[in-house]
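> After the structure tokens below, expect a handful of questions from me.
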Amino acid sequence: MAHASASARAAMPTPLHKTHMLPLLFSVAYVGSVPVIAASPEHPAPGRELHDRVRSFDEAGEPMYARERQRQILDALSRTGRVTVTDLAAEFEVATETIRRDLDQLADQGQLVRVHGGAVPRRSAEVEPDLASRRVTNIETKRRIALAAAALLPSDPAAAVLLDAGTTTAELLPHLARRRGPVITNAPAIAQGALVHTDLAVHVLPG
């Protein structure tokens with residue numbers, strides 16, 4: 001009978017005899033010498049998010065946490081004017097979902113503006129003044145620039161003049177009145193202005 005009781009006890013599973021809680025992440029229980037990892041009630045099972053916490057390091061090899069990573073994201077944004085989720089995920093060696101959360105938090109704090117695939121500084125997302133407003137902004141400075149540019153035009157009055165878009169460029173148009181060569185531009189506003197200020201042929205580039 002003693003032998004049978006010993007066999008029965010041997011067949012019974014070894015009870016859990018040691019449990020350690022790793023705060024906020026997961027618990028480790030031991031069945032004999034085999035560790036069993038289980039999620040804590042407050043958090044899902046450890047996965048890529050835990051990997052992100054462990055694998056994201058700074059230049060000194062120390063673990064980098066969300067606040068430090070977000071500070072570096074803002075530094076990169078100030079240098080480049082735009083950041084993308086994929087580039088940041090590769091740089092910090094974390095999941096794209098982690099970067100999206102970082103950017104969303106920074107956007108909620110008003111430190112950047114979320115755009116498709118990444119983020120831009122708040123100043124880049126501001127609405128640009130309309131054309132009428134830009135035409136009268138710093139008008140005297142624009143006219144002085146146009147006068148200086150007129151002195152650089154080809155000496156041959158029949159030579160073509162290629163003009164880019166811009167309200168400063170538009171101030172050059174009155175200086176073309178005595179020329180005979182065509183005006184070539186990619187800007188409809190410049191083409192319209194050339195027709196008003198000159199009798200020259202105007203060619204608008206497509207695209």
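Labels for the structure tokens follow display order: chains A, B, ..., residues from 1 in each chain, ligands from 1.
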If you count only C-alpha atoms, which residues fall within 12 Å of Ala107 (chain A), apart from same-chain ones fewer than 4 positions away, as JSON, numbers by chain?
{"A": [70, 73, 74, 100, 101, 102, 103, 111, 112, 113, 114, 115, 118, 119, 120, 121, 122]}
> Would you mind exporting the chosen residues as a PDB file, in the first residue's frame, restricted to N, CA and C atoms?

```pdb
ATOM      1  N   GLN A  70      10.980  60.142 -28.009  1.00  0.00           N
ATOM      2  CA  GLN A  70      10.177  61.236 -28.548  1.00  0.00           C
ATOM      3  C   GLN A  70      10.987  62.524 -28.645  1.00  0.00           C
ATOM      4  N   ILE A  73      12.955  62.225 -31.707  1.00  0.00           N
ATOM      5  CA  ILE A  73      12.089  62.394 -32.875  1.00  0.00           C
ATOM      6  C   ILE A  73      11.888  63.881 -33.164  1.00  0.00           C
ATOM      7  N   LEU A  74      11.653  64.678 -32.128  1.00  0.00           N
ATOM      8  CA  LEU A  74      11.483  66.119 -32.316  1.00  0.00           C
ATOM      9  C   LEU A  74      12.766  66.768 -32.819  1.00  0.00           C
ATOM     10  N   ARG A 100       4.179  55.107 -34.334  1.00  0.00           N
ATOM     11  CA  ARG A 100       2.886  55.774 -34.532  1.00  0.00           C
ATOM     12  C   ARG A 100       2.331  56.287 -33.210  1.00  0.00           C
ATOM     13  N   ARG A 101       2.489  55.493 -32.145  1.00  0.00           N
ATOM     14  CA  ARG A 101       2.021  55.952 -30.841  1.00  0.00           C
ATOM     15  C   ARG A 101       2.826  57.168 -30.377  1.00  0.00           C
ATOM     16  N   ASP A 102       4.138  57.134 -30.600  1.00  0.00           N
ATOM     17  CA  ASP A 102       4.960  58.288 -30.243  1.00  0.00           C
ATOM     18  C   ASP A 102       4.476  59.544 -30.973  1.00  0.00           C
ATOM     19  N   LEU A 103       4.264  59.421 -32.271  1.00  0.00           N
ATOM     20  CA  LEU A 103       3.849  60.584 -33.060  1.00  0.00           C
ATOM     21  C   LEU A 103       2.463  61.065 -32.657  1.00  0.00           C
ATOM     22  N   GLN A 111       3.062  69.348 -30.424  1.00  0.00           N
ATOM     23  CA  GLN A 111       4.466  69.537 -30.788  1.00  0.00           C
ATOM     24  C   GLN A 111       4.759  69.222 -32.246  1.00  0.00           C
ATOM     25  N   LEU A 112       3.824  68.584 -32.951  1.00  0.00           N
ATOM     26  CA  LEU A 112       3.982  68.307 -34.368  1.00  0.00           C
ATOM     27  C   LEU A 112       2.601  68.084 -34.966  1.00  0.00           C
ATOM     28  N   VAL A 113       2.565  67.904 -36.281  1.00  0.00           N
ATOM     29  CA  VAL A 113       1.312  67.622 -36.987  1.00  0.00           C
ATOM     30  C   VAL A 113       1.472  66.299 -37.709  1.00  0.00           C
ATOM     31  N   ARG A 114       0.541  65.399 -37.478  1.00  0.00           N
ATOM     32  CA  ARG A 114       0.574  64.091 -38.133  1.00  0.00           C
ATOM     33  C   ARG A 114       0.124  64.225 -39.573  1.00  0.00           C
ATOM     34  N   VAL A 115       0.877  63.618 -40.479  1.00  0.00           N
ATOM     35  CA  VAL A 115       0.501  63.520 -41.885  1.00  0.00           C
ATOM     36  C   VAL A 115       0.607  62.055 -42.288  1.00  0.00           C
ATOM     37  N   GLY A 118       3.815  59.826 -41.506  1.00  0.00           N
ATOM     38  CA  GLY A 118       4.810  60.442 -40.642  1.00  0.00           C
ATOM     39  C   GLY A 118       4.302  61.691 -39.966  1.00  0.00           C
ATOM     40  N   ALA A 119       5.157  62.737 -39.932  1.00  0.00           N
ATOM     41  CA  ALA A 119       4.790  63.976 -39.244  1.00  0.00           C
ATOM     42  C   ALA A 119       5.615  65.126 -39.796  1.00  0.00           C
ATOM     43  N   VAL A 120       5.099  66.335 -39.628  1.00  0.00           N
ATOM     44  CA  VAL A 120       5.800  67.566 -40.016  1.00  0.00           C
ATOM     45  C   VAL A 120       5.704  68.545 -38.851  1.00  0.00           C
ATOM     46  N   PRO A 121       6.583  69.555 -38.822  1.00  0.00           N
ATOM     47  CA  PRO A 121       6.479  70.568 -37.766  1.00  0.00           C
ATOM     48  C   PRO A 121       5.162  71.329 -37.881  1.00  0.00           C
ATOM     49  N   ARG A 122       4.719  71.898 -36.796  1.00  0.00           N
ATOM     50  CA  ARG A 122       3.464  72.656 -36.808  1.00  0.00           C
ATOM     51  C   ARG A 122       3.518  73.814 -37.779  1.00  0.00           C
TER      52      ARG A 122
END
```
> Write out as a ChimeraX atom specification each polymer residue whose atoms come within 6 Å of region 137-143 of chain A, counting only C-alpha atoms; drop sequence neighbours fewer than 3 positions from it.
/A:134,146,168,171
> Using only C-alpha atoms, please write the residues we just selected to a file, as a PDB file, in the first residue's frame.

```pdb
ATOM      1  CA  ARG A 134       1.756  87.700 -50.889  1.00  0.00           C
ATOM      2  CA  ALA A 146      13.389  92.828 -59.732  1.00  0.00           C
ATOM      3  CA  THR A 168       8.999  88.507 -56.543  1.00  0.00           C
ATOM      4  CA  GLU A 171       7.795  92.265 -60.300  1.00  0.00           C
TER       5      GLU A 171
END
```
> Between CA of Arg67 (chain A) and CA of Gln105 (chain A), what distance in Å does the model show, to one decimal?
10.3 Å
